[in-house]
Each structure stands twice: as C-alpha cells, then as structure tokens.
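This report concerns only the one structure given below.
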Amino acid sequence: MAESGGRLRRLALGAPRQHLTLTGSAAGAVVLAVLVAGGFDPLEKPEADVAPLAVGEAADIGPFTVTVDRMRVVDELPGISEGDDDTRVLALVGTVTATGTTTQYGAMLSESVALDGVPGVPAEVLPGETTDPGEPVPAGDVYVMADGTRLDAVQPGLEYEVAFVWEQDARADVPSEARLVLIGRTLRQSSIDHSDEWLDPLPVVAGDIEVTEPSAEPTEPAEEDS
Amino acid sequence: MGGRRVARPPARRLNGLPRRAAFAVLLVAALATGRAVEGLMPVDDETVAPFERTGGIGDRVEARWGDVQVTSVAGSTRIEDPYGTVHVTGGVYVVVDWTYTAAGEPQVPAYVALRDTEGRVFRTSVERNPYSSGGAAQPGIPRRVAAAIEVPADAVAGARLVVTLETNPEDHRRDDIVVVDLGLTQDDADAWATSEEPVEVAEPADGPGAAS
C-alpha cells in the first residue's frame, strides 16, 4: 500500500516537530510561571539627585542622619590613630544618628561617607578585589570622640560625635579642600529573601569641605568628657 | 485476514499535544492559585512569629535550645570591657549578667538585644556594646556571660533582654526566643544616666559560681 513506509516517514518528520512543540510549550510554561510568580524585577538604577554639601547641617542619607562639621589633618589622634612618617590621618568630625528603630552597624556607616579625588588616599582593597581608582574612597573607620573607641554599632535614639578617618600617604600634598560624598540608601524589600534592608547605595550629597592642617588648629585631646 | 494493520490514526498524536499543553496550563494555574492563597493568608507576621519564652530576673526561662537566667543588672554612663577599655556613652550603658545552659547539644546564643517599651531594638556588637558568648557551651554546663548595651535614657524603664541563637532576626521565625523583663524603672534610668562609675563587663566563664 501506499501507506506502508509512510508511517516511518511520518514518524521521522513528526519527531522534530513534536520536540519543537514540546520545547515551545515548556518555554511558554516557564514564562507564564515567572509572570505568575511576580515577574522579574526591573534592574533600574535611578539617578539620585545629588544635593550640595552643607557644613553643619544634618543630611538624611537613609539609615543615618549625618552632620558634617569640620575636617582636619592630624599627625595623631590620641587614642585613635598614631600617624607615622609614611602616613597622616584625615579626620572628618561630625555627628551621626540612626534613623530607624534598630541598631545599624558601623560598616554601613563608614561606607556611607567617602572622599573623592584626594591624592594619596587609597581605597582599602580586599585580596581578590579591584576598585576603580576614580571611585570615592569610603572612610576606613569611625571613632567616637568621647572615648576614642571604634563605633561598630549605632543605636537608635542616640547622637554620636564621631571622627571618620582616612589614612593619606605622607608623600602626597596636604589638601586644602576635599570633596566629600555621602552615600544614601533606600529601605526596601530584598528580592532574595523579602526582608527589609537598606539597599541601593547612591551618592546623595556631595561638596567640598575645607581641610585644616595641624599647625593651624591644635588637635583636641580625646577627653572622656568632651 | 482482517489482520491488516491500519496506521495509527493521527488523531491520537494530535490529542497528545493538547494534553501536554493542558498539563502545563494546569501547572501554571496551580502555581497561581497557590500564590493567590498565600497572598490572602496572614502568613507574613502572625504564623511565622517567634515563640517568646518570658520571665523576670532570677527566673530560669526555658527555650528549645537551652535556658537563660538573668542574675543581675547594672548601669552607668561608663563601662570597662573585658580588655580594660573604658567606653563612654551619651545615654546609658545597661549591663546584664546572665547564665545560659545549652540543651541537647552545644549552642551559641548569638543574638542578644534590649527591647524597649516602644519596640526599639538595641543589639550587642563587638566593641561598643560588648558581649561574648564564649563560643558553644556544652549542654548542661551553665555559662556565665555578660552583655553591655548603650541605650538612650528613655529606653531603660521597662526594657527587656532578648536572647536567641540566630543573629539574623529573619531567622527567628517560629523559633524560641527568651524575653526577660529586667524590672527597670525611670529611677534606675535617672541614676545610671548620671553615674560615672565604670561598670565592669565580665568575660564568659563556665562552671562553679554559675547560678544553679
């Protein structure tokens, strides 16, 4: 009959078409499942408006309110940092409060205040990581002025007078001005575990601040009562 | 005769494809229904809330992973941590001594915080708010530990100590947390906010001397 052999041929012709249909159905099911599950969050990175830095005025950067008061070069900050012949310390003094109702840790605070374009201030680079040399450099550490101890947790409802510190290579010139960048964050639900977290770091405040040298202004000893 | 084979009607194969498509549609519909039901149910807060095991000072508060007994509470504007460093706060340091006994297997109560009456949470850290668990404690052997936490003076009255294993609050879901009312009043807050006598924060220690 004309049909004999036709079955094999039909099978041979039908198989790839069947696979195609199957793949199509699977892809369609995956797309539908993703859409039903909420779809992909768009990878949007909105450009934040960068406000000019106002010395002495509080800036809300999300998890913290930061007030920048003064910046000075110190050969040593008693109880905090002893400079040597190779390095000097740039200290930004200001006040910090946590905006929320729970403890915020110091790592996020030091990452929130950065120096931009000051020669001789290298970013701390972890092994295996690289950083763009043009990127603003976050503070190395934050210290409480009252006792010279490291501020590793900011408790809600308390105001801290702090020093953000950077080490500068002593071979570089002492800057007369430094450009500060405050990095803001937004409280939103993490797409990974749906917990509320401060995410999306973006510059929100930037501007120049005068840097005073040690000879111009004597360093205050870190008195416990200060 | 009559055994002549007839080719399988193409309808069967054509039927197979819609069946697969129907299965895919059903699968997606099931997922959508599950998601809709999940959205309607109050799964977010109430059903995943941790189980609070409560008590007061001196009470042995039992949890799934062990028990906690607060032995004393002190306060000042200054503390001396186990390394001899003095910390000064603009608020009040609340220093809680407590004993912890693991149940079943070695455990580390890594999450220690004060919760005030407004719901604010003040957690321990490493330097500024010193607390060390001393590592995993063997089950049945009491370990004395101390936690010092700085809080604003208005958080002292009515503050509670919260202790549990997981450091991430997200992981407290459906687990036991110990909540101890420290019995603090506004008088305590006022006295501690003016005290400049450093309170010593003890290192963790096992064995004799621990509360029975």
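Each chain in the structure tokens gets a letter, A, B and so on, in the order shown; residues start at 1 in every chain, and ligands are counted from 1 in the order they appear.
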
- For chain A against chain B, which residues fall within 6 Å using only C-alpha atoms, given as number ranges by chain? A: 29, 33, 36, 101-103, 147, 157-158

- Item | region 39-200 of chain B: residues DSSP assigns to alpha helix (DSSP H), reported as a PyMOL selection string | chain B and resi 39-40+186-194

Would you save the residues of that selection, restricted to N, CA, C and O atoms, as a short mmCIF file (atom, residue, chain, number, x, y, z; two decimals), in the first residue's frame?
data_model
loop_
_atom_site.label_atom_id
_atom_site.label_comp_id
_atom_site.auth_asym_id
_atom_site.auth_seq_id
_atom_site.Cartn_x
_atom_site.Cartn_y
_atom_site.Cartn_z
N GLY B 39 -1.12 34.94 49.30
CA GLY B 39 -1.32 36.38 49.45
C GLY B 39 -2.49 36.71 50.36
O GLY B 39 -2.48 37.71 51.05
N LEU B 40 -3.49 35.84 50.35
CA LEU B 40 -4.69 36.10 51.16
C LEU B 40 -4.49 35.71 52.62
O LEU B 40 -5.13 36.26 53.51
N GLN B 186 12.17 54.24 85.84
CA GLN B 186 12.71 55.56 85.49
C GLN B 186 13.77 55.99 86.51
O GLN B 186 14.73 56.67 86.17
N ASP B 187 13.60 55.56 87.78
CA ASP B 187 14.60 55.89 88.80
C ASP B 187 15.95 55.27 88.45
O ASP B 187 17.00 55.90 88.60
N ASP B 188 15.93 54.03 87.98
CA ASP B 188 17.18 53.39 87.53
C ASP B 188 17.80 54.20 86.40
O ASP B 188 19.01 54.47 86.39
N ALA B 189 16.96 54.60 85.45
CA ALA B 189 17.46 55.36 84.30
C ALA B 189 18.11 56.66 84.75
O ALA B 189 19.22 57.00 84.31
N ASP B 190 17.43 57.38 85.66
CA ASP B 190 17.96 58.67 86.12
C ASP B 190 19.28 58.48 86.86
O ASP B 190 20.23 59.26 86.68
N ALA B 191 19.33 57.46 87.72
CA ALA B 191 20.55 57.24 88.50
C ALA B 191 21.72 56.85 87.59
O ALA B 191 22.84 57.34 87.74
N TRP B 192 21.46 55.96 86.64
CA TRP B 192 22.53 55.48 85.77
C TRP B 192 23.00 56.57 84.79
O TRP B 192 24.16 56.60 84.41
N ALA B 193 22.07 57.43 84.37
CA ALA B 193 22.43 58.47 83.40
C ALA B 193 23.39 59.50 84.01
O ALA B 193 24.01 60.27 83.27
N THR B 194 23.50 59.53 85.33
CA THR B 194 24.42 60.49 85.96
C THR B 194 25.62 59.78 86.60
O THR B 194 26.51 60.45 87.11
#

- Message: Here is a test: counting only C-alpha atoms, which residue of B:Met41, B:Ala146, B:Ala137, B:Ile79 is nearest to Val96 (chain B)?
- Response: B:Ala146

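Take CA of Ala102 (chain B) and CA of Gln138 (chain B): the distance between them is 6.3 Å.
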
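Non-sequential neighbours of Gly140 (chain B) (distance at most 9 Å, separation of 4 or more positions within a chain, only C-alpha atoms) are Gly66, Thr101, Ala102, Ala103, Gly104 and Glu105 of chain B.
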
Would you export the selected residues with N, CA, C and O atoms as a PDB file, in the first residue's frame, please?
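Generated file (selection.pdb):
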ATOM      1  N   GLY B  66      17.840  25.730  75.194  1.00  0.00           N
ATOM      2  CA  GLY B  66      18.534  25.856  76.474  1.00  0.00           C
ATOM      3  C   GLY B  66      17.758  26.763  77.391  1.00  0.00           C
ATOM      4  O   GLY B  66      16.616  27.129  77.106  1.00  0.00           O
ATOM      5  N   THR B 101      22.428  27.871  79.858  1.00  0.00           N
ATOM      6  CA  THR B 101      22.729  26.437  79.852  1.00  0.00           C
ATOM      7  C   THR B 101      22.142  25.826  78.585  1.00  0.00           C
ATOM      8  O   THR B 101      20.926  25.883  78.368  1.00  0.00           O
ATOM      9  N   ALA B 102      23.014  25.274  77.761  1.00  0.00           N
ATOM     10  CA  ALA B 102      22.564  24.695  76.491  1.00  0.00           C
ATOM     11  C   ALA B 102      21.803  23.403  76.748  1.00  0.00           C
ATOM     12  O   ALA B 102      22.062  22.696  77.724  1.00  0.00           O
ATOM     13  N   ALA B 103      20.863  23.114  75.865  1.00  0.00           N
ATOM     14  CA  ALA B 103      20.094  21.871  75.969  1.00  0.00           C
ATOM     15  C   ALA B 103      20.417  20.980  74.783  1.00  0.00           C
ATOM     16  O   ALA B 103      20.431  21.445  73.649  1.00  0.00           O
ATOM     17  N   GLY B 104      20.698  19.731  75.047  1.00  0.00           N
ATOM     18  CA  GLY B 104      20.823  18.748  73.966  1.00  0.00           C
ATOM     19  C   GLY B 104      22.164  18.719  73.270  1.00  0.00           C
ATOM     20  O   GLY B 104      22.783  17.676  73.147  1.00  0.00           O
ATOM     21  N   GLU B 105      22.627  19.842  72.823  1.00  0.00           N
ATOM     22  CA  GLU B 105      23.896  19.884  72.098  1.00  0.00           C
ATOM     23  C   GLU B 105      24.517  21.257  72.301  1.00  0.00           C
ATOM     24  O   GLU B 105      23.835  22.188  72.725  1.00  0.00           O
TER      25      GLU B 105
END

- Item | Sel. of strand (DSSP E) residues, region 13-220 of chain A, as a PyMOL selection string | chain A and resi 51-52+58-60+64-74+76-77+81-82+87-98+104-105+113-116+137-138+141-144+153-154+159-169+177-189+196-212

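Each of B:Val156, B:Ala148, B:Ala205, B:Val178 was checked against Val68 (chain B) using only C-alpha atoms; the smallest atom-to-atom distance is that of B:Val178.
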
- Message: Just want the 9 Å neighbourhood of region 165-176 of chain A, counted on only C-alpha atoms, with same-chain residues fewer than 3 positions away dropped. Output as a ChimeraX atom specification.
- Response: /A:73,81,83-93,110,115,118-122,137-143,209-213

- Exercise: Val108 (chain B) partners within 12 Å, only C-alpha atoms, chain neighbours under 4 positions left out, as a PyMOL selection string: chain B and resi 65-67+100-103+112+132-139+143+145+163-167

- Query: Leu180 (chain A): which residues within 10 Å, counting only C-alpha atoms, same-chain residues fewer than 3 positions away excluded, as a list in words?
  - Reply: Pro52, Leu53, Val68, Leu92, Val113, Ala114, Leu115, Asp116, Gly117, Val118, Pro136, Val137, Pro138, Glu177, Ile183, Val205, Ala206, Gly207, Asp208 and Ile209 of chain A

Any idea what's packed within 8 Å of Ala74 (chain B), counting only C-alpha atoms, ignoring anything in its chain fewer than 5 positions away? Could you give it as a PDB file with C-alpha atoms, in the first residue's frame?
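Result file part.pdb:
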ATOM      1  CA  VAL B  94      22.828  48.665  80.669  1.00  0.00           C
ATOM      2  CA  VAL B  95      24.978  45.727  81.775  1.00  0.00           C
ATOM      3  CA  VAL B  96      23.201  42.400  82.177  1.00  0.00           C
ATOM      4  CA  VAL B 199      30.689  49.000  85.355  1.00  0.00           C
TER       5      VAL B 199
END
